[in-house]
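Printed here is my_file14.cif (mmCIF, C-alpha atoms):
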data_protein
loop_
_atom_site.group_PDB
_atom_site.id
_atom_site.type_symbol
_atom_site.label_atom_id
_atom_site.label_comp_id
_atom_site.auth_asym_id
_atom_site.auth_seq_id
_atom_site.Cartn_x
_atom_site.Cartn_y
_atom_site.Cartn_z
ATOM 1 C CA MET A 250 16.556 15.015 -12.101
ATOM 2 C CA PRO A 251 15.532 11.445 -11.290
ATOM 3 C CA ASP A 252 12.794 10.007 -13.468
ATOM 4 C CA VAL A 253 9.649 8.905 -11.641
ATOM 5 C CA ASP A 254 6.658 7.035 -13.020
ATOM 6 C CA CYS A 255 3.543 7.795 -10.973
ATOM 7 C CA VAL A 256 0.607 5.376 -10.963
ATOM 8 C CA VAL A 257 -2.824 6.385 -9.667
ATOM 9 C CA VAL A 258 -5.494 3.683 -9.518
ATOM 10 C CA ASN A 259 -8.971 5.164 -9.783
ATOM 11 C CA ARG A 260 -12.591 4.124 -9.583
ATOM 12 C CA ASP A 261 -14.990 7.060 -9.468
ATOM 13 C CA GLY A 262 -12.735 9.120 -7.242
ATOM 14 C CA GLY A 263 -14.574 12.350 -8.034
ATOM 15 C CA ASP A 264 -13.190 15.630 -6.710
ATOM 16 C CA ALA A 265 -10.630 13.811 -4.534
ATOM 17 C CA LEU A 266 -8.997 12.347 -7.641
ATOM 18 C CA PHE A 267 -8.528 15.765 -9.213
ATOM 19 C CA ARG A 268 -7.076 17.181 -6.004
ATOM 20 C CA ALA A 269 -4.584 14.294 -6.073
ATOM 21 C CA LEU A 270 -3.717 14.938 -9.714
ATOM 22 C CA SER A 271 -3.257 18.656 -9.083
ATOM 23 C CA SER A 272 -0.769 17.870 -6.335
ATOM 24 C CA LEU A 273 1.128 15.587 -8.714
ATOM 25 C CA GLU A 274 1.285 18.294 -11.369
ATOM 26 C CA ALA A 275 2.793 20.601 -8.740
ATOM 27 C CA GLN A 276 5.688 18.251 -7.875
ATOM 28 C CA THR A 277 9.092 19.907 -8.071
ATOM 29 C CA GLY A 278 12.627 18.565 -8.368
ATOM 30 C CA VAL A 279 11.692 15.432 -10.324
ATOM 31 C CA ASP A 280 10.704 14.576 -13.864
ATOM 32 C CA LEU A 281 7.345 12.975 -13.129
ATOM 33 C CA SER A 282 5.013 11.201 -15.543
ATOM 34 C CA VAL A 283 1.504 10.310 -14.370
ATOM 35 C CA VAL A 284 -0.575 7.313 -15.412
ATOM 36 C CA VAL A 285 -4.167 7.008 -14.218
ATOM 37 C CA VAL A 286 -5.396 3.422 -14.454
ATOM 38 C CA ASP A 287 -9.171 3.715 -14.425
ATOM 39 C CA ASN A 288 -11.073 0.733 -13.040
ATOM 40 C CA ALA A 289 -14.245 1.045 -15.155
ATOM 41 C CA SER A 290 -15.364 4.377 -13.712
ATOM 42 C CA SER A 291 -18.480 6.136 -14.957
ATOM 43 C CA ALA A 292 -18.515 7.799 -18.371
ATOM 44 C CA GLU A 293 -18.796 11.179 -16.632
ATOM 45 C CA GLU A 294 -15.595 10.534 -14.651
ATOM 46 C CA ARG A 295 -13.661 9.550 -17.771
ATOM 47 C CA SER A 296 -14.893 12.595 -19.656
ATOM 48 C CA ARG A 297 -13.806 14.810 -16.802
ATOM 49 C CA LEU A 298 -10.373 13.172 -16.815
ATOM 50 C CA ALA A 299 -9.973 14.036 -20.488
ATOM 51 C CA ARG A 300 -11.020 17.652 -19.844
ATOM 52 C CA GLU A 301 -9.289 18.454 -16.575
ATOM 53 C CA ALA A 302 -6.192 16.233 -16.528
ATOM 54 C CA PRO A 303 -4.769 16.388 -20.051
ATOM 55 C CA ALA A 304 -1.206 15.880 -18.789
ATOM 56 C CA ALA A 305 -2.032 12.484 -17.293
ATOM 57 C CA ARG A 306 -2.000 9.382 -19.434
ATOM 58 C CA VAL A 307 -5.222 7.442 -18.821
ATOM 59 C CA VAL A 308 -5.348 3.661 -19.138
ATOM 60 C CA PRO A 309 -9.062 2.787 -19.259
ATOM 61 C CA LEU A 310 -10.011 -0.704 -18.118
ATOM 62 C CA SER A 311 -13.289 -2.272 -19.196
ATOM 63 C CA ALA A 312 -13.716 -4.071 -15.863
ATOM 64 C CA ASN A 313 -12.728 -3.381 -12.258
ATOM 65 C CA ARG A 314 -9.462 -5.254 -11.636
ATOM 66 C CA GLY A 315 -9.069 -3.972 -8.107
ATOM 67 C CA PHE A 316 -6.029 -2.137 -6.842
ATOM 68 C CA ALA A 317 -3.622 -5.023 -7.411
ATOM 69 C CA GLY A 318 -4.455 -5.672 -11.056
ATOM 70 C CA ALA A 319 -4.742 -2.005 -11.989
ATOM 71 C CA ALA A 320 -1.488 -1.078 -10.257
ATOM 72 C CA ASN A 321 0.307 -3.841 -12.151
ATOM 73 C CA GLU A 322 -1.050 -2.399 -15.372
ATOM 74 C CA GLY A 323 0.196 1.072 -14.514
ATOM 75 C CA ILE A 324 3.642 -0.112 -13.410
ATOM 76 C CA ALA A 325 4.057 -2.008 -16.684
ATOM 77 C CA HIS A 326 3.388 1.195 -18.653
ATOM 78 C CA GLY A 327 6.587 2.865 -17.407
ATOM 79 C CA ARG A 328 10.349 2.349 -17.437
ATOM 80 C CA ALA A 329 11.611 4.974 -14.992
ATOM 81 C CA PRO A 330 13.923 3.769 -12.200
ATOM 82 C CA PHE A 331 11.430 4.877 -9.522
ATOM 83 C CA VAL A 332 7.688 4.136 -9.317
ATOM 84 C CA LEU A 333 5.398 6.312 -7.189
ATOM 85 C CA LEU A 334 2.061 4.783 -6.193
ATOM 86 C CA VAL A 335 -0.534 7.302 -5.014
ATOM 87 C CA ASN A 336 -4.097 6.687 -3.866
ATOM 88 C CA ASN A 337 -6.790 8.673 -5.658
ATOM 89 C CA ASP A 338 -7.647 10.444 -2.390
ATOM 90 C CA ALA A 339 -4.135 11.490 -1.359
ATOM 91 C CA VAL A 340 -2.667 14.977 -1.768
ATOM 92 C CA LEU A 341 1.125 15.367 -1.775
ATOM 93 C CA ALA A 342 3.254 18.327 -0.756
ATOM 94 C CA PRO A 343 5.161 19.737 -3.778
ATOM 95 C CA ASP A 344 8.504 18.238 -2.654
ATOM 96 C CA TYR A 345 7.101 14.823 -1.703
ATOM 97 C CA ALA A 346 8.404 12.801 -4.663
ATOM 98 C CA ALA A 347 11.756 14.616 -4.764
ATOM 99 C CA ARG A 348 12.458 13.939 -1.087
ATOM 100 C CA LEU A 349 11.715 10.229 -1.472
ATOM 101 C CA ALA A 350 13.715 9.954 -4.697
ATOM 102 C CA ALA A 351 16.699 11.572 -2.966
ATOM 103 C CA ARG A 352 16.432 9.084 -0.105
ATOM 104 C CA LEU A 353 16.378 6.074 -2.465
ATOM 105 C CA SER A 354 19.279 7.502 -4.446
ATOM 106 C CA LEU A 355 21.401 7.695 -1.302
ATOM 107 C CA ASP A 356 21.058 4.023 -0.353
ATOM 108 C CA GLY A 357 20.780 1.235 -2.915
ATOM 109 C CA ARG A 358 19.548 -1.209 -0.258
ATOM 110 C CA ILE A 359 16.246 0.626 0.152
ATOM 111 C CA ALA A 360 13.386 -0.893 -1.857
ATOM 112 C CA ALA A 361 10.807 1.777 -1.059
ATOM 113 C CA ALA A 362 10.218 4.937 0.922
ATOM 114 C CA GLN A 363 7.179 6.819 2.077
ATOM 115 C CA GLY A 364 6.607 10.119 3.741
ATOM 116 C CA LEU A 365 4.560 11.101 6.757
ATOM 117 C CA VAL A 366 0.980 10.610 5.564
ATOM 118 C CA LEU A 367 -1.476 12.670 7.615
ATOM 119 C CA THR A 368 -5.243 12.635 7.866
ATOM 120 C CA ALA A 369 -7.163 14.946 5.546
ATOM 121 C CA ASP A 370 -7.228 17.749 8.153
ATOM 122 C CA GLY A 371 -3.515 17.347 8.890
ATOM 123 C CA LEU A 372 -4.059 16.970 12.621
ATOM 124 C CA ARG A 373 -3.145 13.293 13.006
ATOM 125 C CA VAL A 374 -0.853 10.736 11.404
ATOM 126 C CA ASP A 375 -2.586 8.365 9.009
ATOM 127 C CA SER A 376 0.502 6.251 8.308
ATOM 128 C CA ALA A 377 4.260 6.410 8.761
ATOM 129 C CA GLY A 378 4.808 2.917 7.376
ATOM 130 C CA LEU A 379 3.726 -0.560 8.395
ATOM 131 C CA THR A 380 3.879 -2.118 11.848
ATOM 132 C CA TRP A 381 2.622 -5.438 13.252
ATOM 133 C CA ASN A 382 0.751 -6.505 16.365
ATOM 134 C CA ASP A 383 0.891 -9.912 18.056
ATOM 135 C CA ARG A 384 -2.388 -10.972 16.386
ATOM 136 C CA GLY A 385 -0.719 -10.962 12.983
ATOM 137 C CA GLU A 386 -2.250 -7.736 11.719
ATOM 138 C CA ALA A 387 -0.337 -5.190 9.688
ATOM 139 C CA LEU A 388 -1.193 -1.710 10.966
ATOM 140 C CA PRO A 389 -0.277 1.857 9.958
ATOM 141 C CA ALA A 390 2.619 3.005 12.122
ATOM 142 C CA LEU A 391 1.973 5.995 14.401
ATOM 143 C CA ALA A 392 -1.673 6.114 13.253
ATOM 144 C CA GLY A 393 -3.694 8.587 15.306
ATOM 145 C CA SER A 394 -0.623 10.275 16.745
ATOM 146 C CA GLU A 395 0.072 13.968 16.502
ATOM 147 C CA PRO A 396 2.564 14.684 13.692
ATOM 148 C CA SER A 397 4.985 16.151 16.228
ATOM 149 C CA ARG A 398 5.472 12.670 17.704
ATOM 150 C CA ALA A 399 7.157 11.405 14.546
ATOM 151 C CA PRO A 400 10.977 11.423 14.501
ATOM 152 C CA GLY A 401 12.547 14.532 13.056
ATOM 153 C CA GLY A 402 14.665 12.645 10.518
ATOM 154 C CA PRO A 403 14.366 9.553 8.282
ATOM 155 C CA PHE A 404 13.838 6.268 10.111
ATOM 156 C CA GLU A 405 13.726 2.634 9.143
ATOM 157 C CA ILE A 406 10.336 0.893 8.949
ATOM 158 C CA SER A 407 9.257 -2.695 8.277
ATOM 159 C CA GLY A 408 7.277 -1.871 5.133
ATOM 160 C CA VAL A 409 5.465 0.886 3.262
ATOM 161 C CA SER A 410 1.826 1.657 2.588
ATOM 162 C CA ALA A 411 0.974 2.031 -1.099
ATOM 163 C CA THR A 412 -1.099 5.107 -0.200
ATOM 164 C CA ALA A 413 1.854 7.254 -1.269
ATOM 165 C CA ALA A 414 5.057 5.244 -1.635
ATOM 166 C CA LEU A 415 8.048 5.461 -3.955
ATOM 167 C CA TYR A 416 9.452 2.087 -5.040
ATOM 168 C CA ARG A 417 12.727 1.236 -6.722
ATOM 169 C CA ARG A 418 11.810 -0.486 -9.982
ATOM 170 C CA GLU A 419 14.815 -2.790 -9.644
ATOM 171 C CA ALA A 420 13.456 -4.017 -6.302
ATOM 172 C CA LEU A 421 9.990 -4.595 -7.753
ATOM 173 C CA ALA A 422 11.462 -6.595 -10.625
ATOM 174 C CA SER A 423 13.368 -8.781 -8.167
ATOM 175 C CA VAL A 424 10.120 -10.149 -6.683
ATOM 176 C CA ALA A 425 8.071 -10.135 -9.895
ATOM 177 C CA PRO A 426 9.820 -12.462 -12.355
ATOM 178 C CA ALA A 427 6.583 -12.973 -14.294
ATOM 179 C CA GLY A 428 5.880 -9.245 -14.451
ATOM 180 C CA ASP A 429 3.119 -8.896 -11.831
ATOM 181 C CA VAL A 430 4.383 -6.876 -8.888
ATOM 182 C CA PHE A 431 1.189 -7.350 -6.876
ATOM 183 C CA ASP A 432 -0.587 -10.679 -6.640
ATOM 184 C CA ARG A 433 -3.794 -10.176 -8.637
ATOM 185 C CA ALA A 434 -5.607 -12.658 -6.386
ATOM 186 C CA PHE A 435 -5.597 -10.013 -3.633
ATOM 187 C CA PHE A 436 -7.767 -7.637 -5.703
ATOM 188 C CA ALA A 437 -7.654 -5.041 -2.900
ATOM 189 C CA TYR A 438 -6.261 -4.733 0.659
ATOM 190 C CA TYR A 439 -3.044 -6.228 2.063
ATOM 191 C CA GLU A 440 -1.433 -6.361 -1.379
ATOM 192 C CA ASP A 441 1.096 -3.728 -0.292
ATOM 193 C CA VAL A 442 1.754 -5.625 2.952
ATOM 194 C CA ASP A 443 2.441 -8.814 1.011
ATOM 195 C CA LEU A 444 4.760 -6.916 -1.339
ATOM 196 C CA SER A 445 6.706 -5.400 1.568
ATOM 197 C CA LEU A 446 7.165 -8.826 3.142
ATOM 198 C CA ARG A 447 8.356 -10.380 -0.109
ATOM 199 C CA LEU A 448 10.845 -7.560 -0.570
ATOM 200 C CA ALA A 449 12.035 -7.852 3.038
ATOM 201 C CA ARG A 450 12.561 -11.587 2.593
ATOM 202 C CA GLY A 451 14.798 -10.696 -0.335
ATOM 203 C CA GLY A 452 16.967 -8.488 1.853
ATOM 204 C CA TRP A 453 15.500 -5.111 0.888
ATOM 205 C CA ARG A 454 14.844 -2.342 3.410
ATOM 206 C CA PHE A 455 12.329 0.491 3.848
ATOM 207 C CA VAL A 456 12.434 4.023 5.187
ATOM 208 C CA CYS A 457 10.049 6.780 6.206
ATOM 209 C CA GLU A 458 11.107 10.321 5.311
ATOM 210 C CA PRO A 459 8.992 12.521 7.615
ATOM 211 C CA GLY A 460 10.015 15.668 5.749
ATOM 212 C CA ALA A 461 7.867 14.434 2.859
ATOM 213 C CA VAL A 462 4.263 15.126 3.847
ATOM 214 C CA ALA A 463 0.980 13.995 2.311
ATOM 215 C CA ARG A 464 -2.640 14.069 3.360
ATOM 216 C CA HIS A 465 -5.021 11.166 2.888
ATOM 217 C CA GLU A 466 -8.799 11.181 2.990
ATOM 218 C CA GLY A 467 -8.873 7.426 3.596
ATOM 219 C CA SER A 468 -10.764 4.465 2.121
ATOM 220 C CA ARG A 469 -12.852 6.517 -0.273
ATOM 221 C CA THR A 470 -13.617 3.432 -2.363
ATOM 222 C CA GLY A 471 -13.728 0.817 0.399
ATOM 223 C CA ARG A 472 -16.194 2.544 2.679
ATOM 224 C CA ARG A 473 -18.919 2.250 0.037
ATOM 225 C CA THR A 474 -19.026 -1.511 0.709
ATOM 226 C CA PRO A 475 -17.866 -2.115 4.320
ATOM 227 C CA LEU A 476 -18.742 -5.830 4.456
ATOM 228 C CA ARG A 477 -16.941 -6.579 1.211
ATOM 229 C CA ARG A 478 -13.980 -4.562 2.412
ATOM 230 C CA ALA A 479 -13.856 -6.554 5.654
ATOM 231 C CA LEU A 480 -14.062 -9.862 3.780
ATOM 232 C CA TRP A 481 -11.228 -8.913 1.438
ATOM 233 C CA THR A 482 -9.121 -7.653 4.338
ATOM 234 C CA CYS A 483 -9.546 -10.842 6.374
ATOM 235 C CA ARG A 484 -9.031 -13.176 3.418
ATOM 236 C CA ASN A 485 -5.963 -11.309 2.181
ATOM 237 C CA ARG A 486 -4.440 -11.124 5.642
ATOM 238 C CA TRP A 487 -4.488 -14.914 5.786
ATOM 239 C CA ARG A 488 -3.154 -15.126 2.251
ATOM 240 C CA THR A 489 -0.287 -12.838 3.280
ATOM 241 C CA LEU A 490 0.465 -14.878 6.405
ATOM 242 C CA PHE A 491 0.469 -18.222 4.578
ATOM 243 C CA ARG A 492 2.696 -16.831 1.851
ATOM 244 C CA ASN A 493 5.364 -15.220 4.001
ATOM 245 C CA PHE A 494 5.506 -16.940 7.414
ATOM 246 C CA ASP A 495 6.416 -20.458 8.448
ATOM 247 C CA GLY A 496 3.289 -22.606 8.763
ATOM 248 C CA ARG A 497 4.251 -24.332 11.995
ATOM 249 C CA TRP A 498 5.170 -21.005 13.557
ATOM 250 C CA LEU A 499 1.748 -19.627 12.574
ATOM 251 C CA ALA A 500 0.006 -22.707 13.996
ATOM 252 C CA GLY A 501 1.484 -21.925 17.398
ATOM 253 C CA ARG A 502 -0.202 -18.510 17.284
ATOM 254 C CA LEU A 503 -3.514 -19.576 15.816
ATOM 255 C CA GLY A 504 -5.614 -18.332 18.731
ATOM 256 C CA GLY A 505 -4.423 -14.756 18.356
ATOM 257 C CA LEU A 506 -4.779 -14.860 14.574
ATOM 258 C CA LEU A 507 -8.414 -15.926 14.861
ATOM 259 C CA LYS A 508 -9.122 -13.232 17.466
ATOM 260 C CA ALA A 509 -8.155 -10.598 14.909
ATOM 261 C CA ASP A 510 -10.962 -11.777 12.610
ATOM 262 C CA LEU A 511 -13.450 -11.774 15.484
ATOM 263 C CA ALA A 512 -12.512 -8.184 16.304
ATOM 264 C CA HIS A 513 -13.257 -7.192 12.696
ATOM 265 C CA ALA A 514 -16.563 -9.046 12.905
ATOM 266 C CA ARG A 515 -17.648 -7.160 16.034
ATOM 267 C CA ARG A 516 -16.998 -3.825 14.349
ATOM 268 C CA LEU A 517 -19.437 -4.753 11.579
ATOM 269 C CA GLY A 518 -22.333 -5.340 13.973
ATOM 270 C CA TRP A 519 -24.851 -8.057 13.128
ATOM 271 C CA ARG A 520 -23.405 -8.491 9.638
ATOM 272 C CA GLY A 521 -20.090 -9.455 11.185
ATOM 273 C CA VAL A 522 -21.317 -12.992 11.831
ATOM 274 C CA LEU A 523 -20.730 -13.625 8.126
ATOM 275 C CA LEU A 524 -17.028 -12.902 8.385
ATOM 276 C CA PRO A 525 -15.760 -16.097 10.103
ATOM 277 C CA LEU A 526 -18.413 -18.166 8.335
ATOM 278 C CA LEU A 527 -17.144 -17.082 4.923
ATOM 279 C CA VAL A 528 -13.408 -16.871 5.645
ATOM 280 C CA TRP A 529 -12.479 -19.654 8.064
ATOM 281 C CA PRO A 530 -13.784 -22.694 6.126
ATOM 282 C CA ALA A 531 -11.665 -21.635 3.146
ATOM 283 C CA LEU A 532 -8.404 -21.348 5.116
ATOM 284 C CA PRO A 533 -7.101 -24.919 4.508
ATOM 285 C CA VAL A 534 -7.569 -24.540 0.752
ATOM 286 C CA LEU A 535 -6.049 -21.059 0.817
ATOM 287 C CA ALA A 536 -3.016 -22.349 2.719
ATOM 288 C CA TRP A 537 -2.541 -25.168 0.212
ATOM 289 C CA ARG A 538 -2.879 -22.914 -2.823
ATOM 290 C CA THR A 539 -0.449 -20.332 -1.496
ATOM 291 C CA ARG A 540 2.521 -22.752 -1.574
ATOM 292 C CA PRO A 541 5.151 -20.422 -0.114
ATOM 293 C CA ALA A 542 8.731 -20.340 -1.329
ATOM 294 C CA GLY A 543 11.815 -20.500 0.886
ATOM 295 C CA GLY A 544 13.157 -17.862 3.223
ATOM 296 C CA LEU A 545 9.973 -17.709 5.312
ATOM 297 C CA LEU A 546 9.681 -15.541 8.410
ATOM 298 C CA PHE A 547 9.565 -16.826 11.994
ATOM 299 C CA ASP A 548 8.605 -13.591 13.702
ATOM 300 C CA TRP A 549 6.619 -10.438 13.062
ATOM 301 C CA PRO A 550 8.795 -7.824 11.361
ATOM 302 C CA SER A 551 10.382 -5.354 13.744
ATOM 303 C CA ALA A 552 8.309 -2.224 13.623
ATOM 304 C CA PRO A 553 8.299 1.398 14.724
ATOM 305 C CA PRO A 554 8.176 3.105 17.065
ATOM 306 C CA SER A 555 10.179 0.624 19.163
ATOM 307 C CA GLY A 556 12.113 -0.583 16.124
ATOM 308 C CA MET A 557 12.914 2.847 14.702
ATOM 309 C CA ARG A 558 16.451 3.373 13.535
ATOM 310 C CA ALA A 559 17.602 6.724 12.267
ATOM 311 C CA GLN A 560 19.040 6.874 8.767
ATOM 312 C CA GLY A 561 22.075 8.858 7.779
#

Take the structure from the file and write it as C-alpha cells.
Amino acid sequence: MPDVDCVVVNRDGGDALFRALSSLEAQTGVDLSVVVVDNASSAEERSRLAREAPAARVVPLSANRGFAGAANEGIAHGRAPFVLLVNNDAVLAPDYAARLAARLSLDGRIAAAQGLVLTADGLRVDSAGLTWNDRGEALPALAGSEPSRAPGGPFEISGVSATAALYRREALASVAPAGDVFDRAFFAYYEDVDLSLRLARGGWRFVCEPGAVARHEGSRTGRRTPLRRALWTCRNRWRTLFRNFDGRWLAGRLGGLLKADLAHARRLGWRGVLLPLLVWPALPVLAWRTRPAGGLLFDWPSAPPSGMRAQG
C-alpha cells in the first residue's frame, strides 16, 4: 500500500472539520497518516480534537499562519512519498486517496492529482482542477456543471486545487529548495495556483481522476471576512502573475488584468471601492519584490474543458 501523509489546515472548523476527519479515517487501500495543523483555534475546538480525533496528530500553532504557513508546517511533519492536502470542510469518498495514489504511481511525470470535487449537496461540480480566463484569473474547472458533464476517465488539467489534492513529495521538493512548499507571503488564496504554475514551469503535469469523488462546503473560513478575503485574493493573484509570467507579456494585457479586480470590487458592493485603492498602488513594489526566476510563461496555461486530454 502506498504511504500517504494527509495535512488538514484548520481554524475553528467546527462540525465540518470532524466530518472531514471521519472521511479520512474511512479511507481504504492506502496507509494514511493524518496531521491537523491548527491555526490558533479556540480552546473548545482543540479540546474536541483531543476527544474526538485521537488518531490524528495535532500540531497546535500559537498564531494564525494562514493556509500557506500551516500547510508548510504539516508537510514538513511527514516523509511519505505522497502528500494529501484536504480542506477542513471537504468530505472524501472512501477510495479517494487510493485512486489518486494509483494514478500518480502509474506516471512519474505527474506532480499532483485531484478528484472530482462536488458541492456539499453533490449536485454540481465545485472543482475539477484549475483553468484560466483571458483576464488572468485562475478558476475552478467545470465549476457549476452537473457531474455528468465531466469526462468518464482521467484527464489532464493545468493545475490542482488544494481543496483535496494528492501531491508527489518529490515534485514538491523540486520547487521548494529551502523547505517551504507554499510561499508564506500568500497567507491564504492563490497559493495553490502559484504552486501549480511553479511545478508546470519545471515540466511537471497534473491530472483529474473523476472516479475519485469529494464534496466541499466551500470557503468556510473565508466567508467570515469577505473584504479581507477579496483583498488577499486580488493581491495574491498579482503576486502569482508577477512570479510566473513574463512582465512585458503581462503589460500587453494590463487592461484585462485590471478589469478582473474591478469585477471583484463590484461584487463587494460599496466596500469594493477599497479594493483597487488598497491593491493597485502597491503593484510596482510587489512586482519588484517578486523577482521571478527563468522559464517564465508567455500564455495562460491550457485548460479544460477545451484542453482536456485523456490519460491512459

Please report, as AutoDock Vina command-line options, the centre and edge lengths in Å to one decimal of an axis-aligned box covering all listed atoms of stretch 386-396 of chain A with 4 Å per side.
--center_x -0.5 --center_y 3.5 --center_z 13.2 --size_x 14.3 --size_y 30.4 --size_z 15.1

Taking the file as shown, what set of residues would the PyMOL selection byres ((chain A and resi 280-289) around 9) give back, as a compact mmCIF listing (two decimals) with C-alpha atoms, in the frame of the given file?
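Saved file expr_8.txt follows:
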# COMPACT_ATOMS: atom_id res chain seq x y z
CA MET A 250 16.56 15.02 -12.10
CA PRO A 251 15.53 11.44 -11.29
CA ASP A 252 12.79 10.01 -13.47
CA VAL A 253 9.65 8.90 -11.64
CA ASP A 254 6.66 7.04 -13.02
CA CYS A 255 3.54 7.80 -10.97
CA VAL A 256 0.61 5.38 -10.96
CA VAL A 257 -2.82 6.38 -9.67
CA VAL A 258 -5.49 3.68 -9.52
CA ASN A 259 -8.97 5.16 -9.78
CA ARG A 260 -12.59 4.12 -9.58
CA ASP A 261 -14.99 7.06 -9.47
CA LEU A 270 -3.72 14.94 -9.71
CA LEU A 273 1.13 15.59 -8.71
CA GLU A 274 1.28 18.29 -11.37
CA GLN A 276 5.69 18.25 -7.88
CA THR A 277 9.09 19.91 -8.07
CA GLY A 278 12.63 18.57 -8.37
CA VAL A 279 11.69 15.43 -10.32
CA SER A 290 -15.36 4.38 -13.71
CA SER A 291 -18.48 6.14 -14.96
CA ALA A 292 -18.52 7.80 -18.37
CA ARG A 295 -13.66 9.55 -17.77
CA ALA A 304 -1.21 15.88 -18.79
CA ALA A 305 -2.03 12.48 -17.29
CA ARG A 306 -2.00 9.38 -19.43
CA VAL A 307 -5.22 7.44 -18.82
CA VAL A 308 -5.35 3.66 -19.14
CA PRO A 309 -9.06 2.79 -19.26
CA LEU A 310 -10.01 -0.70 -18.12
CA SER A 311 -13.29 -2.27 -19.20
CA ALA A 312 -13.72 -4.07 -15.86
CA ASN A 313 -12.73 -3.38 -12.26
CA ARG A 314 -9.46 -5.25 -11.64
CA GLY A 315 -9.07 -3.97 -8.11
CA PHE A 316 -6.03 -2.14 -6.84
CA ALA A 319 -4.74 -2.00 -11.99
CA ALA A 320 -1.49 -1.08 -10.26
CA GLU A 322 -1.05 -2.40 -15.37
CA GLY A 323 0.20 1.07 -14.51
CA ILE A 324 3.64 -0.11 -13.41
CA HIS A 326 3.39 1.20 -18.65
CA GLY A 327 6.59 2.86 -17.41
CA ALA A 346 8.40 12.80 -4.66

What is the distance between atom CA of A:Pro525 and atom CA of A:Leu511, in Å to one decimal?
7.3 Å

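Each of A:Arg488, A:Glu301, A:Gly452, A:Arg540 was compared to A:Tyr438 using only C-alpha atoms, and A:Arg488 turns out to be the nearest.
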
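With only C-alpha atoms as the basis for measurement, A:Leu266 is the residue among A:Val424, A:Leu266, A:Ala317, A:Val374 that approaches A:Leu298 most closely.
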
Closest of A:Tyr416, A:Trp381, A:Phe494, A:Phe455 to A:Gly543, counting all atoms listed in the file, is A:Phe494

Give me, as a list in words, all polymer residues having an atom no more than 9 Å from A:Ser394, counting all atoms listed in the file and skipping those fewer than 4 positions away in the same chain.
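Using all atoms listed in the file, the neighbours found are Leu372, Arg373, Val374, Asp375, Arg398 and Ala399 of chain A.
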
Evaluate the PyMOL selection byres ((chain A and resi 352) around 12) and report residues as an MDAnalysis selection string
chainID A and resid 251 331 345:351 353:364 402:405 415:417 455:461 560:561

Ground truth for the PyMOL selection byres ((chain A and resi 371) around 9), written as a list in words:
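Written out, the selection comes to Val366, Leu367, Thr368, Ala369, Asp370, Leu372, Arg373, Val374, Pro396, Ala463, Arg464 and His465 of chain A.
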
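In terms of minimum interatomic distance to A:Arg418, A:Pro330 ranks closest within A:Glu440, A:Pro330, A:Arg478, A:Leu526, counting all atoms listed in the file.
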
Out of A:Leu546, A:Ala422, A:Ala302, A:Ala339, which residue has the shortest atom-to-atom distance to A:Arg450 when counting only C-alpha atoms?
A:Leu546

Pick from A:Leu476, A:Leu448, A:Ile406, A:Val462, whichever lies nearest to A:Gly518 using all atoms listed in the file
A:Leu476

Could you check how far atom CA of A:Asp510 sits from atom CA of A:Leu535, in Å to one decimal?
15.8 Å

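The two atoms in question, atom CA of A:Ser445 and atom CA of A:Pro343, are spaced 25.7 Å apart.
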
Which residues come within 7 Å of stretch 429-434 of chain A, counting all atoms listed in the file, excluding same-chain residues fewer than 2 positions away, as a list in words?
Ala317, Gly318, Asn321, Leu421, Val424, Ala425, Ala427, Phe436, Glu440 and Leu444 of chain A

Would you write out those residues with C-alpha atoms, as a PDB file, keeping the file's coordinate frame?
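Final output, saved to out_12.pdb:
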ATOM      1  CA  ALA A 317      -3.622  -5.023  -7.411  1.00  0.00           C
ATOM      2  CA  GLY A 318      -4.455  -5.672 -11.056  1.00  0.00           C
ATOM      3  CA  ASN A 321       0.307  -3.841 -12.151  1.00  0.00           C
ATOM      4  CA  LEU A 421       9.990  -4.595  -7.753  1.00  0.00           C
ATOM      5  CA  VAL A 424      10.120 -10.149  -6.683  1.00  0.00           C
ATOM      6  CA  ALA A 425       8.071 -10.135  -9.895  1.00  0.00           C
ATOM      7  CA  ALA A 427       6.583 -12.973 -14.294  1.00  0.00           C
ATOM      8  CA  PHE A 436      -7.767  -7.637  -5.703  1.00  0.00           C
ATOM      9  CA  GLU A 440      -1.433  -6.361  -1.379  1.00  0.00           C
ATOM     10  CA  LEU A 444       4.760  -6.916  -1.339  1.00  0.00           C
TER      11      LEU A 444
END
